[in-house]
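Visitor: For reference, this is my_file_19.cif, and it has mmCIF, C-alpha atoms.
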data_start
#
loop_
_atom_site.label_atom_id
_atom_site.label_comp_id
_atom_site.auth_asym_id
_atom_site.auth_seq_id
_atom_site.Cartn_x
_atom_site.Cartn_y
_atom_site.Cartn_z
CA MET Z 1 200.05 136.66 147.75
CA MET Z 2 203.43 136.92 146.06
CA ILE Z 3 202.54 134.07 143.71
CA ALA Z 4 199.18 135.65 142.84
CA ALA Z 5 200.98 138.88 141.97
CA ALA Z 6 203.48 136.95 139.86
CA VAL Z 7 200.61 135.27 137.97
CA ALA Z 8 199.04 138.67 137.29
CA ALA Z 9 202.41 140.02 136.12
CA VAL Z 10 202.83 137.09 133.72
CA SER Z 11 199.33 137.71 132.32
CA ILE Z 12 200.13 141.37 131.72
CA GLY Z 13 203.32 140.28 129.98
CA ILE Z 14 201.38 137.86 127.74
CA ALA Z 15 198.82 140.58 126.94
CA LEU Z 16 201.56 143.08 125.99
CA PHE Z 17 203.16 140.44 123.78
CA GLU Z 18 200.02 139.41 121.87
CA VAL Z 19 197.62 142.36 121.81
CA THR Z 20 199.57 144.82 119.63
CA PRO Z 21 199.87 142.58 116.52
CA LEU Z 22 196.20 141.54 116.78
CA ARG Z 23 195.02 145.14 117.11
CA ARG Z 24 197.22 146.32 114.27
CA GLN Z 25 195.66 143.71 111.95
CA GLY Z 26 192.18 144.65 113.15
CA LEU Z 27 191.34 141.12 114.30
CA TRP Z 28 188.71 142.13 116.87
CA LYS Z 29 186.98 138.74 117.24
CA GLU Z 30 190.36 137.13 117.93
CA LEU Z 31 191.26 139.88 120.35
CA TRP Z 32 188.10 139.34 122.43
CA THR Z 33 188.59 135.55 122.50
CA PHE Z 34 192.18 136.07 123.57
CA ALA Z 35 191.12 138.47 126.32
CA ALA Z 36 188.43 136.11 127.63
CA LEU Z 37 190.77 133.08 127.71
CA LEU Z 38 193.59 135.07 129.28
CA LEU Z 39 191.20 136.33 131.95
CA LEU Z 40 190.08 132.75 132.63
CA GLY Z 41 193.70 131.62 132.87
CA THR Z 42 194.61 134.47 135.20
CA VAL Z 43 191.61 133.85 137.46
CA LEU Z 44 192.44 130.12 137.65
CA GLY Z 45 196.11 130.88 138.33
CA ILE Z 46 195.34 133.36 141.11
CA ALA Z 47 192.76 131.01 142.63
CA ARG Z 48 195.35 128.26 142.65
CA ALA Z 49 197.95 130.57 144.22
CA LEU Z 50 195.52 131.59 146.99
CA HIS Z 51 194.41 127.94 147.58
CA ILE Z 52 190.83 128.61 146.52
CA PRO Z 53 189.18 125.33 145.38
CA ILE Z 54 188.91 125.17 141.58
CA TRP Z 55 186.40 123.25 139.44
CA ASN Z 56 188.01 119.87 138.98
CA PRO Z 57 187.19 117.72 135.92
CA THR Z 58 188.51 114.59 137.65
CA HIS Z 59 185.76 114.80 140.30
CA TRP Z 60 183.00 115.18 137.74
CA ILE Z 61 184.20 112.38 135.50
CA THR Z 62 184.61 110.13 138.54
CA PHE Z 63 181.13 111.10 139.76
CA ALA Z 64 179.49 110.36 136.40
CA PHE Z 65 181.52 107.39 135.18
CA LYS Z 66 182.38 105.35 138.25
CA PRO Z 67 179.01 103.50 138.04
CA VAL Z 68 179.56 102.90 134.32
CA ASN Z 69 182.98 101.50 135.05
CA GLU Z 70 181.71 99.26 137.85
CA TRP Z 71 178.99 97.96 135.53
CA LEU Z 72 181.60 97.25 132.85
CA ILE Z 73 183.86 95.39 135.29
CA GLY Z 74 180.83 93.54 136.70
CA MET Z 75 179.99 92.22 133.24
CA ILE Z 76 183.39 90.52 132.98
CA ASN Z 77 183.29 88.96 136.45
CA MET L 78 197.43 132.63 108.80
CA MET L 79 196.49 129.07 109.70
CA ASP L 80 199.24 126.46 109.66
CA ASN L 81 199.81 125.29 106.07
CA GLY L 82 202.63 122.89 106.90
CA LYS L 83 202.73 119.58 105.03
CA ILE L 84 203.90 116.34 106.58
CA SER L 85 204.60 113.02 104.90
CA ALA L 86 202.81 109.75 105.63
CA ARG L 87 205.99 108.44 107.23
CA GLN L 88 206.12 111.41 109.59
CA LEU L 89 202.47 110.83 110.51
CA SER L 90 203.32 107.23 111.33
CA ILE L 91 206.19 108.28 113.58
CA LEU L 92 204.06 110.94 115.28
CA ILE L 93 201.25 108.52 116.14
CA MET L 94 203.77 105.99 117.40
CA LEU L 95 205.49 108.49 119.71
CA TYR L 96 202.06 109.80 120.73
CA CYS L 97 200.77 106.39 121.77
CA ILE L 98 203.92 105.38 123.62
CA GLY L 99 203.74 108.80 125.31
CA SER L 100 203.27 108.64 129.03
CA ALA L 101 201.54 105.25 128.86
CA ILE L 102 204.80 103.35 128.73
CA ILE L 103 205.95 104.37 132.21
CA VAL L 104 202.72 103.39 134.00
CA ILE L 105 200.99 100.75 131.87
CA PRO L 106 202.90 97.60 132.97
CA SER L 107 201.88 98.34 136.55
CA THR L 108 198.22 99.01 135.63
CA LEU L 109 198.05 95.79 133.67
CA ALA L 110 199.80 93.71 136.30
CA SER L 111 197.54 94.97 139.09
CA GLN L 112 194.69 92.94 137.53
CA ALA L 113 196.30 90.27 135.37
CA LYS L 114 199.49 89.65 137.43
CA GLN L 115 201.92 87.49 135.41
CA ASP L 116 199.52 87.43 132.43
CA ALA L 117 199.85 91.18 131.86
CA TRP L 118 201.75 90.49 128.65
CA ILE L 119 198.65 88.81 127.17
CA SER L 120 196.57 91.89 128.01
CA SER L 121 199.19 94.05 126.36
CA LEU L 122 198.60 92.13 123.12
CA LEU L 123 194.82 92.29 123.42
CA SER L 124 194.51 96.06 123.83
CA PRO L 125 196.43 97.14 120.70
CA ALA L 126 194.37 94.60 118.73
CA ILE L 127 191.14 96.28 119.89
CA GLY L 128 192.75 99.68 119.24
CA LEU L 129 193.56 98.70 115.66
CA LEU L 130 189.93 97.60 115.14
CA VAL L 131 188.62 100.92 116.47
CA LEU L 132 191.14 102.69 114.24
CA GLN L 133 189.31 101.26 111.21
CA ILE L 134 186.33 103.50 112.02
CA ALA L 135 188.61 106.54 112.08
CA ILE L 136 190.27 105.49 108.80
CA ARG L 137 186.89 104.98 107.06
CA LEU L 138 185.88 108.42 108.25
CA SER L 139 189.04 110.07 107.01
CA ASN L 140 188.81 108.26 103.64
CA ARG L 141 185.30 109.63 103.21
CA PHE L 142 186.55 113.18 103.71
CA PRO L 143 190.11 113.19 102.34
CA GLY L 144 192.13 116.32 103.07
CA MET L 145 189.71 117.61 105.71
CA ALA L 146 190.10 117.96 109.46
CA LEU L 147 187.68 116.30 111.90
CA THR L 148 186.02 119.56 113.03
CA GLU L 149 185.33 120.52 109.40
CA TYR L 150 183.32 117.42 108.64
CA ILE L 151 181.61 117.37 112.01
CA GLU L 152 180.12 120.69 110.85
CA ILE L 153 179.07 119.14 107.53
CA ILE L 154 177.56 116.03 109.11
CA PHE L 155 175.75 117.64 112.04
CA GLY L 156 175.04 121.03 110.51
CA LYS L 157 176.81 124.25 111.36
CA TRP L 158 175.74 125.09 114.92
CA VAL L 159 175.25 121.61 116.36
CA GLY L 160 178.54 120.74 114.67
CA LYS L 161 180.34 123.61 116.38
CA ILE L 162 179.02 122.55 119.78
CA VAL L 163 180.03 118.91 119.19
CA SER L 164 183.48 120.03 118.00
CA LEU L 165 183.99 122.21 121.07
CA TRP L 166 182.87 119.38 123.36
CA PHE L 167 185.27 117.00 121.62
CA LEU L 168 188.21 119.43 121.75
CA ALA L 169 187.63 120.42 125.37
CA THR L 170 187.05 116.94 126.79
CA PHE L 171 189.47 114.97 124.67
CA PRO L 172 192.74 116.54 123.44
CA PHE L 173 192.67 119.52 125.81
CA MET L 174 191.81 117.53 128.91
CA ILE L 175 194.17 114.64 128.13
CA GLY L 176 196.78 117.40 128.00
CA PHE L 177 196.21 118.20 131.70
CA TYR L 178 196.63 114.57 132.69
CA THR L 179 199.67 113.97 130.48
CA LEU L 180 201.46 117.04 131.82
CA ARG L 181 200.69 115.85 135.33
CA ASP L 182 202.05 112.38 134.47
CA ILE L 183 205.48 113.71 133.59
CA GLY L 184 205.39 116.18 136.51
CA ASP L 185 204.61 113.40 138.97
CA PHE L 186 207.26 111.15 137.48
CA LEU L 187 209.96 113.84 137.71
CA THR L 188 209.09 114.94 141.25
CA MET L 189 208.76 111.38 142.55
CA GLN L 190 211.75 109.77 140.90
CA ILE L 191 214.30 112.29 139.69
CA MET L 192 213.95 115.76 141.23
CA PRO L 193 212.09 115.30 144.53
CA GLU L 194 212.95 118.74 145.90
CA THR L 195 211.86 120.81 142.91
CA PRO L 196 208.27 122.08 143.17
CA ILE L 197 206.01 120.48 140.58
CA GLU L 198 204.83 123.93 139.44
CA ALA L 199 208.32 124.81 138.26
CA ILE L 200 208.61 121.58 136.28
CA HIS L 201 205.23 122.10 134.65
CA ILE L 202 205.96 125.69 133.65
CA VAL L 203 209.37 124.88 132.14
CA LEU L 204 208.11 121.78 130.30
CA PHE L 205 205.03 123.46 128.95
CA GLY L 206 207.07 126.47 127.85
CA VAL L 207 208.94 124.18 125.46
CA ILE L 208 205.64 122.70 124.23
CA ILE L 209 204.27 126.19 123.51
CA VAL L 210 207.38 127.08 121.52
CA GLY L 211 206.99 123.88 119.48
CA VAL L 212 203.29 124.43 118.84
CA ARG L 213 203.85 128.04 117.77
CA LEU L 214 206.37 126.84 115.18
CA GLY L 215 203.74 124.62 113.59
CA LEU L 216 203.21 121.00 112.67
CA GLU L 217 205.92 120.71 110.05
CA PRO L 218 208.87 121.48 112.36
CA LEU L 219 207.36 119.17 114.99
CA ALA L 220 207.03 116.33 112.50
CA ARG L 221 210.57 116.81 111.24
CA THR L 222 211.93 116.80 114.80
CA ALA L 223 210.01 113.60 115.43
CA GLU L 224 211.54 112.02 112.34
CA LEU L 225 215.00 113.14 113.47
CA LEU L 226 214.62 111.74 116.99
CA PHE L 227 212.94 108.50 115.93
CA PRO L 228 216.16 106.45 115.35
CA TRP L 229 217.39 107.51 118.79
CA ILE L 230 214.22 106.28 120.43
CA VAL L 231 214.45 102.93 118.64
CA ALA L 232 218.14 102.62 119.55
CA LEU L 233 217.47 103.40 123.22
CA PHE L 234 214.67 100.83 123.30
CA ALA L 235 217.00 98.26 121.75
CA VAL L 236 219.72 99.05 124.32
CA LEU L 237 217.21 98.79 127.17
CA PHE L 238 215.98 95.39 126.04
CA LEU L 239 219.39 93.95 125.16
CA PHE L 240 220.99 95.02 128.44
CA ILE L 241 218.21 93.63 130.57
CA VAL L 242 217.77 90.29 128.79
CA PRO L 243 220.66 88.52 130.66
CA GLN L 244 218.77 88.97 133.94
CA VAL L 245 215.30 87.75 133.02
CA SER L 246 213.89 84.39 134.01
CA LYS L 247 211.14 82.47 132.24
CA THR L 248 209.63 81.16 135.45
CA ASN L 249 208.20 84.61 136.18
CA LEU L 250 205.63 84.03 133.44
CA LEU L 251 204.30 80.85 135.05
CA PRO L 252 201.58 79.82 135.64
CA VAL L 253 200.04 81.10 132.41
CA LEU L 254 196.34 82.01 132.70
CA GLU L 255 196.21 80.92 136.34
CA ASN L 256 192.79 82.54 136.88
CA GLY L 257 191.45 82.14 133.36
CA TRP L 258 190.81 84.85 130.81
CA LYS L 259 188.67 87.18 132.92
CA PRO L 260 191.43 89.08 134.78
CA VAL L 261 193.31 89.39 131.51
CA ILE L 262 190.33 91.04 129.77
CA ARG L 263 189.58 93.20 132.79
CA ALA L 264 193.21 94.41 132.85
CA SER L 265 193.16 95.30 129.17
CA LEU L 266 190.17 97.69 129.53
CA PRO L 267 192.01 100.77 130.88
CA TYR L 268 194.85 100.13 128.45
CA VAL L 269 192.44 100.12 125.50
CA SER L 270 191.25 103.62 126.43
CA PHE L 271 194.65 104.97 127.32
CA PRO L 272 196.12 105.31 124.71
CA PHE L 273 194.47 103.11 122.05
CA LEU L 274 191.16 104.99 121.76
CA GLU L 275 192.98 108.27 121.24
CA PRO L 276 193.97 108.03 117.54
CA VAL L 277 190.72 109.92 116.77
CA ILE L 278 192.74 113.00 117.71
CA PHE L 279 194.88 112.36 114.64
CA LEU L 280 191.87 112.98 112.40
CA MET L 281 192.61 116.63 113.19
CA LEU L 282 196.08 116.30 111.64
CA VAL L 283 195.50 114.12 108.56
CA ASN L 284 194.57 117.14 106.42
CA HIS L 285 198.24 118.14 106.64
CA VAL L 286 199.46 114.90 105.07
CA ASN L 287 200.66 115.53 101.54
CA ARG L 288 199.22 112.29 100.09
CA SER L 289 195.86 111.60 101.65
CA GLU L 290 195.51 108.08 100.21
CA LYS L 291 198.39 106.91 102.42
CA VAL L 292 196.86 108.13 105.69
CA GLY L 293 195.11 104.90 106.65
CA ARG L 294 198.16 102.72 106.26
CA ALA L 295 200.39 105.25 108.06
CA LEU L 296 198.08 105.40 111.08
CA PHE L 297 197.84 101.61 111.15
CA THR L 298 201.62 101.00 111.03
CA GLY L 299 202.31 103.68 113.64
CA LEU L 300 199.75 102.32 116.07
CA ALA L 301 200.84 98.73 115.51
CA MET L 302 204.48 99.68 116.18
CA ALA L 303 203.52 101.47 119.37
CA GLY L 304 201.55 98.42 120.47
CA PHE L 305 204.48 96.16 119.69
CA LEU L 306 207.01 98.26 121.66
CA MET L 307 204.65 98.44 124.62
CA PHE L 308 204.12 94.67 124.43
CA ILE L 309 207.89 94.05 124.53
CA THR L 310 208.25 96.47 127.46
CA THR L 311 205.48 94.79 129.44
CA LEU L 312 206.82 91.32 128.64
CA ILE L 313 210.36 92.21 129.77
CA THR L 314 209.06 93.89 132.92
CA ILE L 315 207.07 90.78 133.85
CA LEU L 316 210.01 88.51 132.96
CA LEU L 317 212.30 90.49 135.26
CA PHE L 318 210.06 91.34 138.22
CA GLY L 319 207.16 88.90 138.01
CA GLY L 320 203.50 89.94 138.20
CA GLN L 321 203.27 90.78 141.91
CA LEU L 322 206.26 93.11 142.08
CA THR L 323 205.39 94.87 138.80
CA SER L 324 201.95 95.75 140.13
CA LEU L 325 203.50 97.30 143.25
CA PHE L 326 205.78 99.69 141.37
CA MET L 327 204.42 103.06 140.31
CA TYR L 328 206.83 103.29 137.34
CA PRO L 329 207.94 99.72 136.55
CA THR L 330 209.67 100.67 133.31
CA TYR L 331 211.91 103.08 135.21
CA GLU L 332 212.65 100.41 137.81
CA LEU L 333 213.51 98.13 134.88
CA SER L 334 216.13 100.52 133.57
CA LYS L 335 217.60 100.89 137.07
CA LYS L 336 218.34 97.16 137.02
CA ILE L 337 220.68 97.39 134.03
CA ASN L 338 224.07 96.09 135.13
CA ILE L 339 226.64 94.92 132.61
CA GLY L 340 229.71 93.42 134.28
CA ASN L 341 229.29 95.63 137.40
CA PHE L 342 230.56 98.46 135.24
CA LEU L 343 227.69 99.79 133.12
CA GLN L 344 225.03 100.57 135.69
CA ARG L 345 222.68 103.35 136.86
CA ILE L 346 221.98 104.51 133.32
CA GLU L 347 218.26 104.93 134.02
CA ILE L 348 218.32 108.64 133.31
CA ILE L 349 219.57 107.95 129.78
CA MET L 350 216.68 105.53 129.38
CA ALA L 351 214.33 108.20 130.74
CA THR L 352 215.20 110.18 127.59
CA ILE L 353 212.85 107.79 125.76
CA TRP L 354 209.84 108.99 127.67
CA PHE L 355 210.91 112.63 127.79
CA VAL L 356 210.84 112.58 123.99
CA THR L 357 207.64 110.56 123.64
CA ILE L 358 205.80 112.65 126.23
CA TYR L 359 207.01 115.83 124.55
CA PHE L 360 205.42 114.77 121.27
CA ARG L 361 202.30 113.49 122.97
CA LEU L 362 201.79 116.83 124.71
CA ALA L 363 202.75 118.88 121.67
CA ILE L 364 200.24 117.02 119.48
CA LEU L 365 197.47 117.27 122.08
CA PHE L 366 198.05 120.97 122.55
CA TYR L 367 198.46 121.64 118.83
CA VAL L 368 195.18 119.84 118.07
CA SER L 369 193.29 121.70 120.81
CA VAL L 370 194.61 125.10 119.80
CA VAL L 371 194.25 124.68 116.03
CA GLY L 372 190.88 122.98 116.46
CA PHE L 373 189.58 125.83 118.57
CA ALA L 374 190.88 128.40 116.07
CA ARG L 375 189.17 126.47 113.24
CA VAL L 376 185.85 126.23 115.05
CA MET L 377 185.77 129.98 115.65
CA LYS L 378 187.14 130.62 112.14
CA ALA L 379 190.05 132.66 113.48
CA ALA L 380 192.74 134.00 111.17
CA ASP L 381 195.55 132.42 113.17
CA TYR L 382 196.00 129.98 116.04
CA ARG L 383 199.18 131.26 117.66
CA PHE L 384 197.55 133.95 119.78
CA LEU L 385 195.65 131.16 121.61
CA THR L 386 198.76 129.25 122.72
CA LEU L 387 199.74 131.40 125.72
CA PRO L 388 196.30 131.78 127.39
CA LEU L 389 195.34 128.14 126.78
CA GLY L 390 198.81 127.09 127.96
CA MET L 391 198.25 129.01 131.18
CA ILE L 392 194.93 127.21 131.71
CA THR L 393 196.58 123.85 131.00
CA ILE L 394 199.35 124.46 133.53
CA VAL L 395 196.92 125.47 136.29
CA MET L 396 194.49 122.62 135.56
CA SER L 397 197.30 120.05 135.46
CA LEU L 398 198.12 121.05 139.05
CA VAL L 399 194.47 120.84 140.09
CA VAL L 400 193.36 117.52 138.57
CA TYR L 401 195.03 115.26 141.12
CA ARG L 402 195.79 115.95 144.74
CA ASN L 403 198.40 113.18 144.78
CA VAL L 404 199.43 110.11 142.89
CA GLY L 405 196.76 108.02 144.61
CA ASP L 406 194.13 109.97 142.69
CA LEU L 407 195.89 108.95 139.48
CA THR L 408 195.66 105.21 140.19
CA ALA L 409 191.99 105.64 141.14
CA PHE L 410 191.27 107.68 138.03
CA ILE L 411 192.77 105.41 135.33
CA PRO L 412 189.86 102.88 135.39
CA VAL L 413 187.26 105.68 135.46
CA TRP L 414 188.88 107.39 132.51
CA ALA L 415 188.76 104.01 130.77
CA SER L 416 184.98 104.19 130.51
CA PHE L 417 184.84 107.95 129.82
CA ALA L 418 187.21 107.75 126.85
CA TYR L 419 184.73 105.57 124.93
CA ILE L 420 182.44 108.58 124.40
CA ASN L 421 184.95 110.55 122.36
CA GLY L 422 187.19 107.72 121.24
CA LEU L 423 184.59 105.24 119.96
CA LEU L 424 181.00 106.52 120.12
CA LEU L 425 181.62 109.91 118.49
CA PRO L 426 183.51 108.61 115.41
CA ALA L 427 181.08 105.68 115.08
CA LEU L 428 178.11 108.06 115.19
CA LEU L 429 179.76 110.37 112.65
CA LEU L 430 180.43 107.46 110.31
CA ILE L 431 176.89 106.05 110.64
CA VAL L 432 175.26 109.43 110.00
CA ALA L 433 177.59 110.10 107.06
CA VAL L 434 176.80 106.69 105.52
CA ILE L 435 173.02 106.98 106.01
CA ARG L 436 172.82 110.54 104.70
CA LYS L 437 175.33 109.65 101.97
CA ILE L 438 177.56 112.60 102.84
CA LYS L 439 180.98 112.66 101.25
CA ARG L 440 183.55 115.31 100.75
CA PRO L 441 182.02 118.11 98.66
CA LEU L 442 183.66 118.09 95.24
CA VAL L 443 184.18 121.82 94.88
CA LYS L 444 186.68 123.20 97.29
#
Is it possible to give me this structure as structure tokens?
Guide:
Amino acid sequence: MMIAAAVAAVSIGIALFEVTPLRRQGLWKELWTFAALLLLGTVLGIARALHIPIWNPTHWITFAFKPVNEWLIGMIN
Amino acid sequence: MMDNGKISARQLSILIMLYCIGSAIIVIPSTLASQAKQDAWISSLLSPAIGLLVLQIAIRLSNRFPGMALTEYIEIIFGKWVGKIVSLWFLATFPFMIGFYTLRDIGDFLTMQIMPETPIEAIHIVLFGVIIVGVRLGLEPLARTAELLFPWIVALFAVLFLFIVPQVSKTNLLPVLENGWKPVIRASLPYVSFPFLEPVIFLMLVNHVNRSEKVGRALFTGLAMAGFLMFITTLITILLFGGQLTSLFMYPTYELSKKINIGNFLQRIEIIMATIWFVTIYFRLAILFYVSVVGFARVMKAADYRFLTLPLGMITIVMSLVVYRNVGDLTAFIPVWASFAYINGLLLPALLLIVAVIRKIKRPLVK
């Protein structure tokens, strides 16, 4: 719980640091991208802190490419 | 404002060399020896050779579009929207994702060998903080730092090799090719992908080089030098430990530097040697993160890239903790990654080059 709160606090800090210059220059597209990515980062960070399973690229690459790899190794044997 | 920094061909060479040595140098002798045993040194010659061949595709591509970044000509070759999707796929699954694994490599190394009681999260946050600072400064300061640190890296390598040479024995290399060529080729496969299929990432940086006609040669020399240093490292590791023992170590190069003992006086200097890979991994991570961030900003035609560093850095830190449960996952994943890397490292540039040649697309003259 403490770690999740710390992650949220860091995100708020990052937002305070970056949003003002972007808004002052009127870069709205950039501001929305920033907000979406920061939200994604915060959600991932909190999920990690609360031990909620997160989408893991290693599993998917292993799932899709283990057969390819075995085929490749099989060719050399 | 997008980064307008200019780097020289020499700096590009140094960057690609440090990039390729990166985190590979601490694990590769063990990966090679697990298949090829005492012939690992032959594999370590084979892989850079294949890497240099694949590099020719990248060089052809960059000569066709001098002064442009990869994502820019993907959009010309594939058309605007398909191009944007391909660029995003490339950025997300190549530089950005390799970033997770590289950060985890150094985190695992530090928690296993040097600071076992520090939580890996703390190490990742501190290390990646430095990377973010570097990336926010831009490519030019990074390249200059690389040039400044380069003599130190070469000197440390020289010290490592010279101090260990008195202890090696030739018999560890025998019998040569005991089981024929097959294990040797099989061992070289993961090492081709990691790191010798990755120079495609540098096509995102070559538009910063001040003289674009020198790019090809600079990439070639840098990659060849990295291959040579890794070959020497693997050879010395095998000469000292033999094939069997090398394959059992997680970090054979670190074990190698622990063995340094000059007259029972100069010993336990492994942490000084570890400076080599702190520096190389720093540049590897900085380049990966710089390319992902700047590439993403280019694809969405943003005015700047710096506002992306903190949120994407946060995602990288969390994902680097998620990708492996433990170091066993890493050893299982290296061969799988070996076949995945061909998509972005070989097939994508080859496809781009073929389409560009058939449709006779070159760099538009007006710019």
Visitor: Around (188.4, 106.0, 130.6), as given in the file, which residues come within 10 Å? Count only C-alpha atoms and list them as a PyMOL selection string.
Guide: (chain Z and resi 61-62+65-66+69) or (chain L and resi 266-272+274+410-420+422)
Visitor: Name every residue that the PyMOL selection byres ((chain Z) within 8 of (chain L)) selects in this structure, writing the answer as a PyMOL selection string with chains first and numbers rising.
Guide: chain Z and resi 14+18+27+29-30+34+37-38+40-42+44-45+48+54+56-58+61-62+65-66+68-69+73+76-77
Visitor: Please evaluate the PyMOL selection byres ((chain L and resi 144) around 9) against the structure above and give the resulting residues as a PyMOL selection string.
Guide: chain L and resi 139-140+142-143+145-146+283-289+440
Visitor: Select, from L:Glu275, L:Leu300, L:Met307, L:Tyr328, the residue with the minimum atom-to-atom distance to Phe171 in chain L, counting only C-alpha atoms.
Guide: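 Closest to Phe171 in chain L, using only C-alpha atoms: L:Glu275.
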Visitor: Using the chain letters and numbers from the file, give me the residues hit by the PyMOL selection byres ((chain L and resi 125) around 12), as a ChimeraX atom specification.
Guide: /L:94,97-98,118-124,126-132,265-276,297-308
Visitor: Just to confirm, what's the straight-line distance from CA of Tyr331 in chain L to CA of Glu198 in chain L in Å (one decimal)?
Guide: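 These atoms are spaced 22.4 Å apart.
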Visitor: Compile the contact shell of range 238-249 of chain L as a ChimeraX atom specification: residues with an atom at most 7 Å away, counting all atoms listed in the file, same-chain residues fewer than 5 positions apart removed.
Guide: /L:115,315-317,319,337
Visitor: What gap, in Å, lies between CA of Tyr367 in chain L and CA of Ala101 in chain L?
Guide: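 According to the coordinates, CA of Tyr367 in chain L and CA of Ala101 in chain L are separated by 19.5 Å.
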Visitor: I'd like to know which of L:Ala113, L:Ala199, L:Ile105, L:Ile278 is closest to Pro172 in chain L, using only C-alpha atoms.
Guide: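 Ranked by minimum distance to Pro172 in chain L, first place goes to L:Ile278.
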Visitor: Near Val207 in chain L, within 12 Å and counting only C-alpha atoms, which residues show up once chain neighbours fewer than 4 positions away are dropped, as a count of residues only?
Guide: 20
Visitor: List the spatial neighbours of Val277 in chain L as a PyMOL selection string - criterion: any atom at most 9 Å away, all atoms listed in the file, same-chain residues fewer than 3 positions off excluded.
Guide: chain L and resi 132+135+147+274+280-281+421-423+426
Visitor: Between CA of Pro106 in chain L and CA of Pro228 in chain L, measure the distance and give it in Å to one decimal.
Guide: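 It comes out at 23.8 Å.
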Visitor: Measuring between all atoms listed in the file, which one of L:Ala232, L:Ile438, L:Leu251, L:Ala220 shows the shortest distance to Ile93 in chain L?
Guide: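 Ranking L:Ala232, L:Ile438, L:Leu251, L:Ala220 by distance to Ile93 in chain L, first place goes to L:Ala220.
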Visitor: Quick one: range 9-21 of chain Z with C-alpha atoms, as a PDB file, in the first residue's frame?
Guide:
ATOM      1  CA  ALA Z   9       3.136  10.611  -5.466  1.00  0.00           C
ATOM      2  CA  VAL Z  10       5.999  10.280  -7.959  1.00  0.00           C
ATOM      3  CA  SER Z  11       3.510  10.473 -10.849  1.00  0.00           C
ATOM      4  CA  ILE Z  12       1.989  13.644  -9.450  1.00  0.00           C
ATOM      5  CA  GLY Z  13       5.494  15.058  -9.110  1.00  0.00           C
ATOM      6  CA  ILE Z  14       6.283  14.207 -12.750  1.00  0.00           C
ATOM      7  CA  ALA Z  15       2.987  15.762 -13.878  1.00  0.00           C
ATOM      8  CA  LEU Z  16       3.691  18.996 -11.945  1.00  0.00           C
ATOM      9  CA  PHE Z  17       7.160  19.129 -13.486  1.00  0.00           C
ATOM     10  CA  GLU Z  18       6.120  18.628 -17.124  1.00  0.00           C
ATOM     11  CA  VAL Z  19       2.568  19.919 -17.555  1.00  0.00           C
ATOM     12  CA  THR Z  20       3.099  23.656 -16.985  1.00  0.00           C
ATOM     13  CA  PRO Z  21       5.653  24.225 -19.802  1.00  0.00           C
TER      14      PRO Z  21
END
